[in-house]
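> Hey, dropping my_file.pdb in here, PDB, C-alpha atoms:
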```
ATOM      1  CA  MET A  44       9.900   8.600  34.343
ATOM      2  CA  ALA A  45      12.627   6.439  32.852
ATOM      3  CA  ILE A  46      11.584   3.747  30.432
ATOM      4  CA  LYS A  47      14.035   0.840  30.501
ATOM      5  CA  SER A  48      13.038  -1.372  27.572
ATOM      6  CA  GLU A  49      11.467  -0.416  24.275
ATOM      7  CA  GLU A  50       7.756  -1.167  24.169
ATOM      8  CA  GLN A  51       5.621  -0.950  21.009
ATOM      9  CA  ILE A  52       2.804   1.519  21.712
ATOM     10  CA  ALA A  53       0.936   1.613  18.380
ATOM     11  CA  THR A  54       1.365   0.660  14.746
ATOM     12  CA  LEU A  55      -0.426   3.362  12.798
ATOM     13  CA  ILE A  56       0.487   2.233   9.272
ATOM     14  CA  GLU A  57       0.910  -1.385   8.216
ATOM     15  CA  PRO A  58       3.956  -2.123   6.008
ATOM     16  CA  GLU A  59       1.830  -2.983   2.960
ATOM     17  CA  GLU A  60       0.192   0.488   3.156
ATOM     18  CA  TYR A  61       3.441   2.481   3.286
ATOM     19  CA  LEU A  62       3.135   3.855  -0.252
ATOM     20  CA  LEU A  63      -0.340   5.234   0.533
ATOM     21  CA  HIS A  64       0.808   7.201   3.614
ATOM     22  CA  LEU A  65       4.067   8.919   2.666
ATOM     23  CA  ASN A  66       5.385  11.666   4.989
ATOM     24  CA  GLN A  67       3.434  10.366   7.988
ATOM     25  CA  VAL A  68       4.228   8.674  11.287
ATOM     26  CA  ALA A  69       4.218   4.883  10.809
ATOM     27  CA  SER A  70       4.496   3.691  14.416
ATOM     28  CA  LEU A  71       5.261   4.767  17.954
ATOM     29  CA  SER A  72       7.293   2.913  20.523
ATOM     30  CA  SER A  73       8.320   3.944  24.012
ATOM     31  CA  ARG A  74      11.677   5.218  22.691
ATOM     32  CA  ASN A  75      11.196   6.058  18.999
ATOM     33  CA  ILE A  76       8.790   7.638  16.565
ATOM     34  CA  LEU A  77       9.065   5.864  13.212
ATOM     35  CA  PHE A  78       8.417   8.343  10.381
ATOM     36  CA  LEU A  79       7.752   7.307   6.790
ATOM     37  CA  LYS A  80       9.654   9.828   4.666
ATOM     38  CA  ARG A  81       9.183  10.101   0.921
ATOM     39  CA  LYS A  82      12.369   9.397  -1.009
ATOM     40  CA  PHE A  83      12.223  10.262  -4.700
ATOM     41  CA  PHE A  84      15.179   8.464  -6.270
ATOM     42  CA  SER A  85      14.928   5.113  -4.542
ATOM     43  CA  LYS A  86      13.531   1.782  -5.570
ATOM     44  CA  SER A  87      11.030   1.595  -2.706
ATOM     45  CA  GLY A  88       9.964   5.265  -2.845
ATOM     46  CA  PHE A  89      10.241   5.818   0.908
ATOM     47  CA  GLU A  90      12.640   5.749   3.830
ATOM     48  CA  LEU A  91      11.908   4.939   7.470
ATOM     49  CA  VAL A  92      13.394   7.569   9.787
ATOM     50  CA  GLN A  93      13.523   7.173  13.569
ATOM     51  CA  TYR A  94      13.114  10.146  15.870
ATOM     52  CA  PRO A  95      13.686   9.613  19.607
ATOM     53  CA  VAL A  96      10.678  10.265  21.825
ATOM     54  CA  SER A  97      12.989  12.261  24.085
ATOM     55  CA  ASP A  98      13.188  14.888  21.281
ATOM     56  CA  CYS A  99       9.394  15.234  21.292
ATOM     57  CA  SER A 100       8.058  18.256  23.178
ATOM     58  CA  ARG A 101       4.318  17.514  22.910
ATOM     59  CA  ILE A 102       1.692  15.383  21.201
ATOM     60  CA  LEU A 103      -1.488  16.943  19.851
ATOM     61  CA  TYR A 104      -4.662  15.093  18.873
ATOM     62  CA  ARG A 105      -7.615  16.208  16.750
ATOM     63  CA  ASP A 106     -10.784  14.456  15.774
ATOM     64  CA  LYS A 107     -11.294  15.748  12.238
ATOM     65  CA  ARG A 108     -14.051  15.531   9.709
ATOM     66  CA  SER A 109     -13.136  15.560   6.034
ATOM     67  CA  PHE A 110     -15.062  18.438   4.474
ATOM     68  CA  GLY A 111     -14.585  17.225   0.892
ATOM     69  CA  PHE A 112     -15.992  13.762   1.586
ATOM     70  CA  ILE A 113     -18.987  15.249   3.414
ATOM     71  CA  VAL A 114     -19.812  17.636   0.545
ATOM     72  CA  PHE A 115     -19.348  14.966  -2.128
ATOM     73  CA  GLY A 116     -21.440  12.509  -0.112
ATOM     74  CA  LEU A 117     -24.219  15.078   0.315
ATOM     75  CA  LEU A 118     -24.226  15.837  -3.413
ATOM     76  CA  LEU A 119     -24.297  12.148  -4.337
ATOM     77  CA  THR A 120     -27.071  11.404  -1.833
ATOM     78  CA  ALA A 121     -29.116  14.388  -3.062
ATOM     79  CA  LEU A 122     -28.659  13.220  -6.660
ATOM     80  CA  ILE A 123     -29.835   9.698  -5.844
ATOM     81  CA  ILE A 124     -32.842  11.000  -3.878
ATOM     82  CA  GLY A 125     -33.664  13.278  -6.819
ATOM     83  CA  ILE A 126     -33.458  10.399  -9.287
ATOM     84  CA  PHE A 127     -35.696   8.181  -7.138
ATOM     85  CA  SER A 128     -38.239  10.970  -6.636
ATOM     86  CA  MET A 129     -38.361  11.632 -10.409
ATOM     87  CA  LEU A 130     -38.857   7.915 -11.020
ATOM     88  CA  VAL A 131     -41.784   7.844  -8.603
ATOM     89  CA  MET A 132     -43.398  11.002 -10.045
ATOM     90  CA  TYR A 133     -42.950  10.144 -13.740
ATOM     91  CA  TRP A 134     -43.194   6.331 -13.661
ATOM     92  CA  ASP A 135     -46.197   6.301 -16.015
ATOM     93  CA  ALA A 136     -44.393   8.450 -18.603
ATOM     94  CA  LEU A 137     -41.487   6.007 -18.994
ATOM     95  CA  GLU A 138     -41.287   3.930 -22.148
ATOM     96  CA  PRO A 139     -41.710   0.178 -21.639
ATOM     97  CA  SER A 140     -38.142  -0.599 -22.806
ATOM     98  CA  THR A 141     -36.493   1.772 -20.318
ATOM     99  CA  ARG A 142     -33.864   0.097 -18.126
ATOM    100  CA  ILE A 143     -33.224   1.538 -14.687
ATOM    101  CA  PRO A 144     -30.081   0.307 -12.861
ATOM    102  CA  ILE A 145     -31.660   0.164  -9.408
ATOM    103  CA  GLY A 146     -28.672  -1.742  -7.985
ATOM    104  CA  ALA A 147     -26.189   0.903  -9.133
ATOM    105  CA  LEU A 148     -28.396   3.666  -7.741
ATOM    106  CA  GLY A 149     -28.694   1.823  -4.426
ATOM    107  CA  VAL A 150     -24.942   1.217  -4.141
ATOM    108  CA  SER A 151     -24.107   4.833  -4.974
ATOM    109  CA  GLY A 152     -26.715   6.001  -2.445
ATOM    110  CA  PHE A 153     -25.097   3.759   0.176
ATOM    111  CA  TYR A 154     -21.649   5.209  -0.563
ATOM    112  CA  GLY A 155     -22.973   8.765  -0.482
ATOM    113  CA  PHE A 156     -24.630   8.155   2.879
ATOM    114  CA  ARG A 157     -21.453   6.497   4.197
ATOM    115  CA  TRP A 158     -19.276   9.435   3.071
ATOM    116  CA  VAL A 159     -21.569  11.924   4.811
ATOM    117  CA  PHE A 160     -21.602  10.135   8.164
ATOM    118  CA  GLY A 161     -18.367   8.124   8.033
ATOM    119  CA  SER A 162     -15.769  10.750   7.218
ATOM    120  CA  ARG A 163     -14.229  11.143  10.678
ATOM    121  CA  ARG A 164     -10.449  10.985  11.039
ATOM    122  CA  HIS A 165      -7.908  10.792  13.813
ATOM    123  CA  LYS A 166      -4.992  13.213  13.519
ATOM    124  CA  PHE A 167      -1.857  13.235  15.660
ATOM    125  CA  THR A 168       0.849  15.869  15.519
ATOM    126  CA  PHE A 169       4.135  15.033  17.210
ATOM    127  CA  GLU A 170       5.954  18.320  17.777
ATOM    128  CA  LEU A 171       9.699  17.988  18.283
ATOM    129  CA  LYS A 172      11.887  20.375  20.299
ATOM    130  CA  ASP A 173      13.300  21.903  17.097
ATOM    131  CA  LYS A 174       9.676  22.777  16.053
ATOM    132  CA  THR A 175       9.534  19.980  13.464
ATOM    133  CA  ARG A 176       6.044  18.535  13.183
ATOM    134  CA  LEU A 177       5.495  14.872  12.398
ATOM    135  CA  VAL A 178       1.897  14.182  11.416
ATOM    136  CA  TRP A 179      -0.296  11.099  11.085
ATOM    137  CA  GLN A 180      -3.936  11.043  10.124
ATOM    138  CA  SER A 181      -6.168   8.080   9.516
ATOM    139  CA  ARG A 182      -8.038   7.494   6.317
ATOM    140  CA  PRO A 183     -11.719   8.557   6.305
ATOM    141  CA  GLY A 184     -13.146   5.033   6.705
ATOM    142  CA  ASP A 185     -10.640   3.860   9.341
ATOM    143  CA  TYR A 186     -11.923   5.830  12.325
ATOM    144  CA  GLN A 187     -13.326   2.885  14.301
ATOM    145  CA  LYS A 188     -10.482   0.579  13.275
ATOM    146  CA  LYS A 189      -7.826   2.959  14.650
ATOM    147  CA  ASN A 190      -9.616   3.817  17.935
ATOM    148  CA  GLY A 191      -7.549   1.349  19.984
ATOM    149  CA  ASP A 192      -4.204   2.672  18.732
ATOM    150  CA  THR A 193      -5.395   6.239  19.275
ATOM    151  CA  GLN A 194      -6.275   5.548  22.901
ATOM    152  CA  LYS A 195      -2.901   3.861  23.470
ATOM    153  CA  ILE A 196      -1.048   6.909  22.124
ATOM    154  CA  ILE A 197      -3.099   9.313  24.261
ATOM    155  CA  GLU A 198      -2.459   7.167  27.338
ATOM    156  CA  PHE A 199       1.285   6.998  26.544
ATOM    157  CA  ALA A 200       1.458  10.778  26.015
ATOM    158  CA  ARG A 201      -0.222  11.417  29.369
ATOM    159  CA  ARG A 202       2.008   8.909  31.138
ATOM    160  CA  THR A 203       5.212  10.463  29.750
ATOM    161  CA  GLY A 204       4.099  14.082  30.197
ATOM    162  CA  LEU A 205       3.978  14.892  26.470
ATOM    163  CA  TRP A 206       0.227  15.525  26.537
ATOM    164  CA  ARG A 207      -0.503  19.216  26.953
ATOM    165  CA  PRO A 208      -4.008  19.873  28.299
ATOM    166  CA  GLY A 209      -3.857  23.466  27.073
ATOM    167  CA  SER A 210      -3.187  22.414  23.485
ATOM    168  CA  PRO A 211      -5.231  24.431  20.989
ATOM    169  CA  GLY A 212      -8.397  22.656  19.878
ATOM    170  CA  VAL A 213      -8.262  19.824  22.418
ATOM    171  CA  TYR A 214      -9.941  19.462  25.786
ATOM    172  CA  PRO A 215      -8.175  17.152  28.259
ATOM    173  CA  SER A 216     -11.164  15.125  29.426
ATOM    174  CA  LEU A 217     -12.010  11.729  27.971
ATOM    175  CA  ARG A 218     -15.685  10.884  27.725
ATOM    176  CA  ASN A 219     -16.832   7.427  26.678
ATOM    177  CA  GLY A 220     -13.333   6.628  25.453
ATOM    178  CA  HIS A 221     -13.308   9.473  22.928
ATOM    179  CA  GLU A 222     -11.450  12.749  22.979
ATOM    180  CA  LYS A 223     -13.612  15.874  22.913
ATOM    181  CA  VAL A 224     -12.406  18.391  20.326
ATOM    182  CA  ALA A 225     -13.212  22.080  20.177
ATOM    183  CA  ARG A 226     -14.918  23.268  17.000
ATOM    184  CA  ARG A 227     -13.574  26.337  15.306
TER     185      ARG A 227
END
```
In C-alpha cells, write the structure found in this file.

Amino acid sequence: MAIKSEEQIATLIEPEEYLLHLNQVASLSSRNILFLKRKFFSKSGFELVQYPVSDCSRILYRDKRSFGFIVFGLLLTALIIGIFSMLVMYWDALEPSTRIPIGALGVSGFYGFRWVFGSRRHKFTFELKDKTRLVWQSRPGDYQKKNGDTQKIIEFARRTGLWRPGSPGVYPSLRNGHEKVARR
C-alpha cells in the first residue's frame, strides 16, 4: 500500500514534555517515526531524529503494569489503614492536645489507592530492519489519556502490515477497544 502524503498518526509526547521522556518515540506519521534522542552536550539536552516507517519491520504493543507503583501504593494504603485502625482502637488513650492530620492521611490514602489501581501503561516497540528498537511508554497516570493515540497506532500498524499477530505477549484480537495482553 503506497501512502502518497504524510499524515500525522499520533503525537505521543507533547513538546513541553520532551525533557521528561528522553530516548523515546515522540510521534508517528505515515512516513516517519520521530524519536527523541538524548544529547549530552547541547543546550536543549535532546535531538529529534526521524526514522522512515519503511525501515520499520514490526510494531509491538504491551499493556504493562508498573510493579513498583503497585507495591508502593499497597504499602502506603496498608500504612494508612493501620493508622486509622489504631486511632479507632486507642481513641480513648489519646491525650486531649493530640493533633491528627486527617486531611494528610486522607490524601495519602487516596494516592496509595490510585497507585495500586491506576498504574497501567501503554508500551510500543518499533523494531527496525537493522534490529534497532525504538520504544515509547506512557506514564503511569496517562493510560486513559493516551488510549486514542494507542488505538490509532494499532490501526495504522494493521493497515500497513507492520502489526504481527504472532508477536510475543500480544494477542491480535481487540475487545472493547483494548488490546488483550498475555501474562507471563
> Running the PyMOL selection byres ((chain A and resi 160-172) around 7) on this model by hand, what would come out? Give it as JSON, numbers by chain.
{"A": [98, 99, 100, 101, 102, 103, 104, 105, 106, 107, 108, 109, 112, 113, 156, 157, 158, 159, 173, 174, 175, 176, 177, 178, 179, 180, 181, 182, 183, 184, 186]}
> If I take atom CA of Thr120 of chain A and atom CA of Ala147 of chain A, how far is one from the other in Å, to one decimal?
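Here the two named atoms are 12.8 Å from each other.
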> To one decimal in Å, tell me the separation between atom CA of Asn75 of chain A and atom CA of Gln93 of chain A.
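A separation of 6.0 Å between them.
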> Which residues come within 7 Å of segment 190-201 of chain A, counting only C-alpha atoms, excluding same-chain residues fewer than 5 positions away, as a list in words?
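Within the cut-off, the hits are Ile52, Ala53, Ile102 and Trp206 of chain A.
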> As an exercise, work out the distance from atom CA of Phe78 of chain A to atom CA of Glu90 of chain A in Å and give it to one decimal place.
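That distance, rounded to one decimal, is 8.2 Å.
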> As AutoDock Vina command-line options, what would the box around segment 123-139 of chain A look like: edges along x, y and z, 8 Å added on every side, centre and edge lengths in Å to one decimal?

```
--center_x -38.0 --center_y 6.7 --center_z -13.0 --size_x 32.4 --size_y 29.1 --size_z 34.3
```
> Using only C-alpha atoms, which of the listed residues (A:Leu79, A:Ala136, A:Ala121, A:Leu130) sits closest to Phe153 of chain A?
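Comparing A:Leu79, A:Ala136, A:Ala121, A:Leu130 against Phe153 of chain A, the winner is A:Ala121.
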> Of the candidates A:Leu65, A:Asp135, A:Gly155, A:Tyr94, which one gets nearest to Lys80 of chain A if we count all atoms listed in the file?
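Ranked by minimum distance to Lys80 of chain A, first place goes to A:Leu65.
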> Pick the closest to Leu119 of chain A from A:Pro58, A:Gly152, A:Gly204, A:Gly88: which is it, counting all atoms listed in the file?
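That would be A:Gly152, the residue with the smallest distance to Leu119 of chain A.
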> Considering only C-alpha atoms, state which residue in the set A:Gln67, A:Thr203, A:Ser151, A:Ser48 is at the smallest distance from Phe115 of chain A.
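Among the listed residues, the smallest separation from Phe115 of chain A belongs to A:Ser151.
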> Could N, CA and C atoms be built for segment 82-97 of chain A and written out as a PDB file, in the frame of the given file?

```pdb
ATOM      1  N   LYS A  82      11.037   9.336  -0.416  1.00  0.00           N
ATOM      2  CA  LYS A  82      12.369   9.397  -1.009  1.00  0.00           C
ATOM      3  C   LYS A  82      12.208   9.215  -2.513  1.00  0.00           C
ATOM      4  N   PHE A  83      12.531  10.250  -3.271  1.00  0.00           N
ATOM      5  CA  PHE A  83      12.223  10.262  -4.700  1.00  0.00           C
ATOM      6  C   PHE A  83      13.035   9.263  -5.519  1.00  0.00           C
ATOM      7  N   PHE A  84      14.336   9.272  -5.394  1.00  0.00           N
ATOM      8  CA  PHE A  84      15.179   8.464  -6.270  1.00  0.00           C
ATOM      9  C   PHE A  84      15.597   7.159  -5.607  1.00  0.00           C
ATOM     10  N   SER A  85      14.630   6.420  -5.115  1.00  0.00           N
ATOM     11  CA  SER A  85      14.928   5.113  -4.542  1.00  0.00           C
ATOM     12  C   SER A  85      13.978   4.087  -5.140  1.00  0.00           C
ATOM     13  N   LYS A  86      14.341   2.857  -5.011  1.00  0.00           N
ATOM     14  CA  LYS A  86      13.531   1.782  -5.570  1.00  0.00           C
ATOM     15  C   LYS A  86      12.208   1.636  -4.824  1.00  0.00           C
ATOM     16  N   SER A  87      12.248   1.769  -3.501  1.00  0.00           N
ATOM     17  CA  SER A  87      11.030   1.595  -2.706  1.00  0.00           C
ATOM     18  C   SER A  87      10.155   2.845  -2.684  1.00  0.00           C
ATOM     19  N   GLY A  88      10.744   4.026  -2.843  1.00  0.00           N
ATOM     20  CA  GLY A  88       9.964   5.265  -2.845  1.00  0.00           C
ATOM     21  C   GLY A  88       9.821   5.910  -1.480  1.00  0.00           C
ATOM     22  N   PHE A  89      10.343   5.258  -0.436  1.00  0.00           N
ATOM     23  CA  PHE A  89      10.241   5.818   0.908  1.00  0.00           C
ATOM     24  C   PHE A  89      11.440   5.396   1.736  1.00  0.00           C
ATOM     25  N   GLU A  90      11.575   6.059   2.877  1.00  0.00           N
ATOM     26  CA  GLU A  90      12.640   5.749   3.830  1.00  0.00           C
ATOM     27  C   GLU A  90      12.037   5.842   5.227  1.00  0.00           C
ATOM     28  N   LEU A  91      12.381   4.915   6.088  1.00  0.00           N
ATOM     29  CA  LEU A  91      11.908   4.939   7.470  1.00  0.00           C
ATOM     30  C   LEU A  91      12.935   5.662   8.325  1.00  0.00           C
ATOM     31  N   VAL A  92      12.509   6.757   8.966  1.00  0.00           N
ATOM     32  CA  VAL A  92      13.394   7.569   9.787  1.00  0.00           C
ATOM     33  C   VAL A  92      12.923   7.468  11.239  1.00  0.00           C
ATOM     34  N   GLN A  93      13.864   7.251  12.152  1.00  0.00           N
ATOM     35  CA  GLN A  93      13.523   7.173  13.569  1.00  0.00           C
ATOM     36  C   GLN A  93      13.868   8.474  14.261  1.00  0.00           C
ATOM     37  N   TYR A  94      12.901   8.976  15.026  1.00  0.00           N
ATOM     38  CA  TYR A  94      13.114  10.146  15.870  1.00  0.00           C
ATOM     39  C   TYR A  94      12.933   9.691  17.314  1.00  0.00           C
ATOM     40  N   PRO A  95      13.862  10.029  18.208  1.00  0.00           N
ATOM     41  CA  PRO A  95      13.686   9.613  19.607  1.00  0.00           C
ATOM     42  C   PRO A  95      12.519  10.354  20.261  1.00  0.00           C
ATOM     43  N   VAL A  96      11.794   9.655  21.104  1.00  0.00           N
ATOM     44  CA  VAL A  96      10.678  10.265  21.825  1.00  0.00           C
ATOM     45  C   VAL A  96      11.187  11.358  22.760  1.00  0.00           C
ATOM     46  N   SER A  97      12.419  11.242  23.200  1.00  0.00           N
ATOM     47  CA  SER A  97      12.989  12.261  24.085  1.00  0.00           C
ATOM     48  C   SER A  97      13.121  13.608  23.379  1.00  0.00           C
TER      49      SER A  97
END
```
